[in-house]
Amino acid sequence: MKATGIVRRIDELGRVVIPKEIRRTLRIKEGDPLEIFTERDELMLKKYSPIATLDKFSETTAKSLNDLSGLLTVICDTDEILSAAGEGKREVGRHLSKEMDKVLKDRRSYFADKGEGGKIFPVTEDEEGDYYAQLIIPIVSSGDCLGAVVLLSVKEGVKIETSAIKLAQLTAEMLANQFD
């Protein structure tokens, strides 16, 4: 754990303000759930990600979806990549781009094909790689967006088949159903 040198007092209702600089650095937004941990006299707040609790499940799911679709498959929560499988694989733990944040906030699927003039959004900040087709299916449970299933094609001219779209939708539903 790293000391910040910032000291805050608890108010009469037991609240502590997390400084704006720390919230920005850790990408904590208003309404984000925080998990509380204690050990002896230490208190730790951690951004809560329900999907991160399914790390092995999302890892094997990404691999299976990649095997069946032949496309790069990414499963992410609302902040970062949790698992990825396939050609052009993304690094786990990389933060999502602002464009991905917007898609997740809208809770609507997004499909783009570069060959037909569609705009391919970068999945992560400072993303490298040239993709030609993209499908983003948000994982929504009880009205909350928990993350997304993303399919990407690195091969020019490859279209995302209807069967791959349905598999991605099914994967997002399966992940969402883990929290209902």
# chains A, B, ... in the order shown; residues from 1 in each chain; ligands from 1
>>> select_by_dssp(residues="range 21-100 of chain A", states="helix (DSSP H, G or I)", output="number ranges by chain")
A: 21-25, 51-69, 98-100
>>> residues_around(residues="Thr61 in chain A", least_positions_apart="4", cutoff="8 Å", atoms="only C-alpha atoms", output="list of chain:residue names")
A:Phe57, A:Leu65, A:Thr171
>>> select_by_dssp(residues="range 11-134 of chain A", states="strand (DSSP E or B)", output="PyMOL selection string")
chain A and resi 34-39+42-47+72-77+80-85+95-96+110-113+124+133-134
>>> closest_residue(among="A:Gly115, A:Pro19, A:Pro33, A:Gly93", to="Pro50 in chain A", atoms="only C-alpha atoms")
A:Pro33
>>> residues_around(residues="Ala52 in chain A", least_positions_apart="5", cutoff="9 Å", atoms="only C-alpha atoms", output="PyMOL selection string")
chain A and resi 58+76-77+82
>>> write_last_selection(atoms="N, CA and C atoms", output="short mmCIF file (atom, residue, chain, number, x, y, z; two decimals), in the first residue's frame")
data_model
loop_
_atom_site.label_atom_id
_atom_site.label_comp_id
_atom_site.auth_asym_id
_atom_site.auth_seq_id
_atom_site.Cartn_x
_atom_site.Cartn_y
_atom_site.Cartn_z
N SER A 58 -15.10 -16.30 -16.72
CA SER A 58 -14.99 -15.38 -17.86
C SER A 58 -13.80 -15.76 -18.74
N CYS A 76 -14.89 -7.75 -20.37
CA CYS A 76 -14.43 -6.68 -19.50
C CYS A 76 -15.51 -6.32 -18.50
N ASP A 77 -15.07 -5.68 -17.40
CA ASP A 77 -16.04 -5.06 -16.51
C ASP A 77 -16.17 -3.61 -16.97
N LEU A 82 -10.90 -8.09 -18.34
CA LEU A 82 -10.77 -9.19 -17.38
C LEU A 82 -10.19 -10.43 -18.02
#
>>> atom_distance(atom1="CA of Glu127 in chain A", atom2="CA of His95 in chain A")
9.9 Å
>>> closest_residue(among="A:Val154, A:Asp113, A:Ala133, A:Leu68", to="Ala168 in chain A", atoms="only C-alpha atoms")
A:Leu68
>>> closest_residue(among="A:Glu12, A:Asp79, A:Asp67, A:Glu125", to="Asp32 in chain A", atoms="only C-alpha atoms")
A:Asp79
>>> closest_residue(among="A:Tyr132, A:Phe179, A:Phe121, A:Phe111", to="Ile165 in chain A", atoms="only C-alpha atoms")
A:Phe111
>>> residues_around(residues="Asp126 in chain A", least_positions_apart="5", cutoff="10 Å", atoms="only C-alpha atoms", output="PyMOL selection string")
chain A and resi 94-97
>>> write_last_selection(atoms="C-alpha atoms", output="short mmCIF file (atom, residue, chain, number, x, y, z; two decimals), in the first residue's frame")
data_model
loop_
_atom_site.label_atom_id
_atom_site.label_comp_id
_atom_site.auth_asym_id
_atom_site.auth_seq_id
_atom_site.Cartn_x
_atom_site.Cartn_y
_atom_site.Cartn_z
CA ARG A 94 -5.78 -2.51 -19.32
CA HIS A 95 -8.26 0.32 -18.73
CA LEU A 96 -11.16 0.80 -21.12
CA SER A 97 -11.28 3.74 -23.52
#
>>> residues_around(residues="range 145-148 of chain A", least_positions_apart="5", cutoff="12 Å", atoms="only C-alpha atoms", output="VMD selection string")
chain A and resid 32 to 33 48 to 54 58 62 73 to 84 96 100 to 110 123 135 to 140 168 to 179
>>> write_last_selection(atoms="C-alpha atoms", output="PDB file, in the first residue's frame")
ATOM      1  CA  ASP A  32     -19.552   3.345  -8.264  1.00  0.00           C
ATOM      2  CA  PRO A  33     -19.757   0.566  -5.666  1.00  0.00           C
ATOM      3  CA  TYR A  48     -16.194  -3.501  -6.636  1.00  0.00           C
ATOM      4  CA  SER A  49     -16.590  -5.470  -9.856  1.00  0.00           C
ATOM      5  CA  PRO A  50     -19.079  -8.341  -9.710  1.00  0.00           C
ATOM      6  CA  ILE A  51     -17.753  -9.847 -12.948  1.00  0.00           C
ATOM      7  CA  ALA A  52     -14.199  -9.923 -11.560  1.00  0.00           C
ATOM      8  CA  THR A  53     -15.463 -12.500  -9.053  1.00  0.00           C
ATOM      9  CA  LEU A  54     -16.046 -14.806 -12.041  1.00  0.00           C
ATOM     10  CA  SER A  58     -14.991 -15.385 -17.859  1.00  0.00           C
ATOM     11  CA  ALA A  62     -13.718 -15.978 -23.644  1.00  0.00           C
ATOM     12  CA  THR A  73     -12.844 -12.155 -27.750  1.00  0.00           C
ATOM     13  CA  VAL A  74     -12.625  -9.745 -24.833  1.00  0.00           C
ATOM     14  CA  ILE A  75     -14.633  -9.811 -21.607  1.00  0.00           C
ATOM     15  CA  CYS A  76     -14.426  -6.676 -19.500  1.00  0.00           C
ATOM     16  CA  ASP A  77     -16.045  -5.062 -16.506  1.00  0.00           C
ATOM     17  CA  THR A  78     -16.839  -1.338 -16.587  1.00  0.00           C
ATOM     18  CA  ASP A  79     -13.176  -0.383 -16.017  1.00  0.00           C
ATOM     19  CA  GLU A  80     -10.768  -2.900 -17.504  1.00  0.00           C
ATOM     20  CA  ILE A  81     -10.231  -6.072 -19.487  1.00  0.00           C
ATOM     21  CA  LEU A  82     -10.773  -9.189 -17.377  1.00  0.00           C
ATOM     22  CA  SER A  83     -10.009 -11.838 -20.010  1.00  0.00           C
ATOM     23  CA  ALA A  84      -9.141 -12.064 -23.686  1.00  0.00           C
ATOM     24  CA  LEU A  96     -11.162   0.801 -21.124  1.00  0.00           C
ATOM     25  CA  MET A 100     -16.117   1.999 -24.511  1.00  0.00           C
ATOM     26  CA  ASP A 101     -17.266   3.831 -21.359  1.00  0.00           C
ATOM     27  CA  LYS A 102     -19.936   5.575 -23.443  1.00  0.00           C
ATOM     28  CA  VAL A 103     -21.165   2.323 -25.034  1.00  0.00           C
ATOM     29  CA  LEU A 104     -21.419   0.702 -21.598  1.00  0.00           C
ATOM     30  CA  LYS A 105     -23.268   3.712 -20.133  1.00  0.00           C
ATOM     31  CA  ASP A 106     -25.763   3.573 -23.013  1.00  0.00           C
ATOM     32  CA  ARG A 107     -26.299  -0.181 -22.336  1.00  0.00           C
ATOM     33  CA  ARG A 108     -26.823  -0.767 -26.048  1.00  0.00           C
ATOM     34  CA  SER A 109     -25.039  -3.190 -28.346  1.00  0.00           C
ATOM     35  CA  TYR A 110     -22.680  -1.679 -30.896  1.00  0.00           C
ATOM     36  CA  VAL A 123     -11.393  -0.964 -26.534  1.00  0.00           C
ATOM     37  CA  LEU A 135     -19.208  -6.109 -31.842  1.00  0.00           C
ATOM     38  CA  ILE A 136     -19.825  -4.875 -28.285  1.00  0.00           C
ATOM     39  CA  ILE A 137     -22.577  -6.536 -26.227  1.00  0.00           C
ATOM     40  CA  PRO A 138     -23.091  -4.997 -22.758  1.00  0.00           C
ATOM     41  CA  ILE A 139     -23.597  -7.378 -19.821  1.00  0.00           C
ATOM     42  CA  VAL A 140     -26.673  -6.018 -18.025  1.00  0.00           C
ATOM     43  CA  ALA A 168     -21.787 -13.154 -28.008  1.00  0.00           C
ATOM     44  CA  GLN A 169     -25.339 -12.240 -26.956  1.00  0.00           C
ATOM     45  CA  LEU A 170     -25.734 -15.630 -25.281  1.00  0.00           C
ATOM     46  CA  THR A 171     -22.382 -15.189 -23.505  1.00  0.00           C
ATOM     47  CA  ALA A 172     -23.414 -11.757 -22.195  1.00  0.00           C
ATOM     48  CA  GLU A 173     -26.745 -13.198 -20.995  1.00  0.00           C
ATOM     49  CA  MET A 174     -25.001 -16.137 -19.281  1.00  0.00           C
ATOM     50  CA  LEU A 175     -22.632 -13.783 -17.459  1.00  0.00           C
ATOM     51  CA  ALA A 176     -25.517 -11.470 -16.471  1.00  0.00           C
ATOM     52  CA  ASN A 177     -27.566 -14.427 -15.204  1.00  0.00           C
ATOM     53  CA  GLN A 178     -24.801 -15.240 -12.705  1.00  0.00           C
ATOM     54  CA  PHE A 179     -25.964 -12.142 -10.778  1.00  0.00           C
TER      55      PHE A 179
END
>>> atom_distance(atom1="CA of Asp180 in chain A", atom2="CA of Ser142 in chain A")
7.0 Å
>>> atom_distance(atom1="CA of Lys29 in chain A", atom2="CA of Lys47 in chain A")
10.0 Å
>>> residues_around(residues="Ser153 in chain A", least_positions_apart="2", cutoff="12 Å", atoms="only C-alpha atoms", output="VMD selection string")
chain A and resid 66 69 to 74 86 to 89 111 to 115 120 129 to 135 150 to 151 155 to 161 164
>>> residues_around(residues="Val7 in chain A", least_positions_apart="2", cutoff="12 Å", atoms="only C-alpha atoms", output="number ranges by chain")
A: 3-5, 9-10, 16-19
>>> decode(residues="range 61-84 of chain A", atoms="N, CA and C atoms", output="PDB file, in the first residue's frame")
ATOM      1  N   THR A  61     -14.913 -18.777 -20.729  1.00  0.00           N
ATOM      2  CA  THR A  61     -15.966 -18.327 -21.637  1.00  0.00           C
ATOM      3  C   THR A  61     -15.358 -17.585 -22.823  1.00  0.00           C
ATOM      4  N   ALA A  62     -14.392 -16.709 -22.563  1.00  0.00           N
ATOM      5  CA  ALA A  62     -13.718 -15.978 -23.644  1.00  0.00           C
ATOM      6  C   ALA A  62     -13.009 -16.954 -24.584  1.00  0.00           C
ATOM      7  N   LYS A  63     -12.340 -17.937 -24.026  1.00  0.00           N
ATOM      8  CA  LYS A  63     -11.639 -18.941 -24.844  1.00  0.00           C
ATOM      9  C   LYS A  63     -12.629 -19.719 -25.703  1.00  0.00           C
ATOM     10  N   SER A  64     -13.752 -20.153 -25.111  1.00  0.00           N
ATOM     11  CA  SER A  64     -14.766 -20.903 -25.859  1.00  0.00           C
ATOM     12  C   SER A  64     -15.368 -20.062 -26.976  1.00  0.00           C
ATOM     13  N   LEU A  65     -15.684 -18.809 -26.679  1.00  0.00           N
ATOM     14  CA  LEU A  65     -16.270 -17.931 -27.692  1.00  0.00           C
ATOM     15  C   LEU A  65     -15.273 -17.680 -28.821  1.00  0.00           C
ATOM     16  N   ASN A  66     -13.995 -17.536 -28.484  1.00  0.00           N
ATOM     17  CA  ASN A  66     -12.962 -17.389 -29.500  1.00  0.00           C
ATOM     18  C   ASN A  66     -12.861 -18.645 -30.362  1.00  0.00           C
ATOM     19  N   ASP A  67     -12.877 -19.827 -29.733  1.00  0.00           N
ATOM     20  CA  ASP A  67     -12.800 -21.085 -30.481  1.00  0.00           C
ATOM     21  C   ASP A  67     -13.966 -21.230 -31.457  1.00  0.00           C
ATOM     22  N   LEU A  68     -15.163 -20.845 -31.013  1.00  0.00           N
ATOM     23  CA  LEU A  68     -16.357 -21.005 -31.844  1.00  0.00           C
ATOM     24  C   LEU A  68     -16.484 -19.938 -32.919  1.00  0.00           C
ATOM     25  N   SER A  69     -16.055 -18.714 -32.627  1.00  0.00           N
ATOM     26  CA  SER A  69     -16.229 -17.617 -33.588  1.00  0.00           C
ATOM     27  C   SER A  69     -14.996 -17.370 -34.457  1.00  0.00           C
ATOM     28  N   GLY A  70     -13.811 -17.722 -33.937  1.00  0.00           N
ATOM     29  CA  GLY A  70     -12.570 -17.433 -34.647  1.00  0.00           C
ATOM     30  C   GLY A  70     -12.152 -15.975 -34.521  1.00  0.00           C
ATOM     31  N   LEU A  71     -12.832 -15.220 -33.674  1.00  0.00           N
ATOM     32  CA  LEU A  71     -12.556 -13.794 -33.511  1.00  0.00           C
ATOM     33  C   LEU A  71     -11.907 -13.519 -32.159  1.00  0.00           C
ATOM     34  N   LEU A  72     -11.171 -12.412 -32.094  1.00  0.00           N
ATOM     35  CA  LEU A  72     -10.622 -11.977 -30.813  1.00  0.00           C
ATOM     36  C   LEU A  72     -11.798 -11.700 -29.892  1.00  0.00           C
ATOM     37  N   THR A  73     -11.775 -12.303 -28.721  1.00  0.00           N
ATOM     38  CA  THR A  73     -12.844 -12.155 -27.750  1.00  0.00           C
ATOM     39  C   THR A  73     -12.301 -11.500 -26.497  1.00  0.00           C
ATOM     40  N   VAL A  74     -13.010 -10.475 -26.037  1.00  0.00           N
ATOM     41  CA  VAL A  74     -12.625  -9.745 -24.833  1.00  0.00           C
ATOM     42  C   VAL A  74     -13.827  -9.706 -23.905  1.00  0.00           C
ATOM     43  N   ILE A  75     -13.601  -9.995 -22.627  1.00  0.00           N
ATOM     44  CA  ILE A  75     -14.633  -9.811 -21.607  1.00  0.00           C
ATOM     45  C   ILE A  75     -14.079  -8.787 -20.621  1.00  0.00           C
ATOM     46  N   CYS A  76     -14.889  -7.752 -20.375  1.00  0.00           N
ATOM     47  CA  CYS A  76     -14.426  -6.676 -19.500  1.00  0.00           C
ATOM     48  C   CYS A  76     -15.506  -6.317 -18.496  1.00  0.00           C
ATOM     49  N   ASP A  77     -15.075  -5.678 -17.403  1.00  0.00           N
ATOM     50  CA  ASP A  77     -16.045  -5.062 -16.506  1.00  0.00           C
ATOM     51  C   ASP A  77     -16.170  -3.612 -16.970  1.00  0.00           C
ATOM     52  N   THR A  78     -16.648  -2.718 -16.141  1.00  0.00           N
ATOM     53  CA  THR A  78     -16.839  -1.338 -16.587  1.00  0.00           C
ATOM     54  C   THR A  78     -15.551  -0.512 -16.547  1.00  0.00           C
ATOM     55  N   ASP A  79     -14.439  -1.114 -16.109  1.00  0.00           N
ATOM     56  CA  ASP A  79     -13.176  -0.383 -16.017  1.00  0.00           C
ATOM     57  C   ASP A  79     -12.040  -0.960 -16.838  1.00  0.00           C
ATOM     58  N   GLU A  80     -11.949  -2.299 -16.884  1.00  0.00           N
ATOM     59  CA  GLU A  80     -10.768  -2.900 -17.504  1.00  0.00           C
ATOM     60  C   GLU A  80     -11.070  -4.265 -18.101  1.00  0.00           C
ATOM     61  N   ILE A  81     -10.112  -4.749 -18.887  1.00  0.00           N
ATOM     62  CA  ILE A  81     -10.231  -6.072 -19.487  1.00  0.00           C
ATOM     63  C   ILE A  81      -9.985  -7.127 -18.414  1.00  0.00           C
ATOM     64  N   LEU A  82     -10.901  -8.088 -18.339  1.00  0.00           N
ATOM     65  CA  LEU A  82     -10.773  -9.189 -17.377  1.00  0.00           C
ATOM     66  C   LEU A  82     -10.193 -10.433 -18.021  1.00  0.00           C
ATOM     67  N   SER A  83     -10.553 -10.687 -19.292  1.00  0.00           N
ATOM     68  CA  SER A  83     -10.009 -11.838 -20.010  1.00  0.00           C
ATOM     69  C   SER A  83     -10.091 -11.577 -21.506  1.00  0.00           C
ATOM     70  N   ALA A  84      -9.183 -12.222 -22.239  1.00  0.00           N
ATOM     71  CA  ALA A  84      -9.141 -12.064 -23.686  1.00  0.00           C
ATOM     72  C   ALA A  84      -8.574 -13.337 -24.300  1.00  0.00           C
TER      73      ALA A  84
END
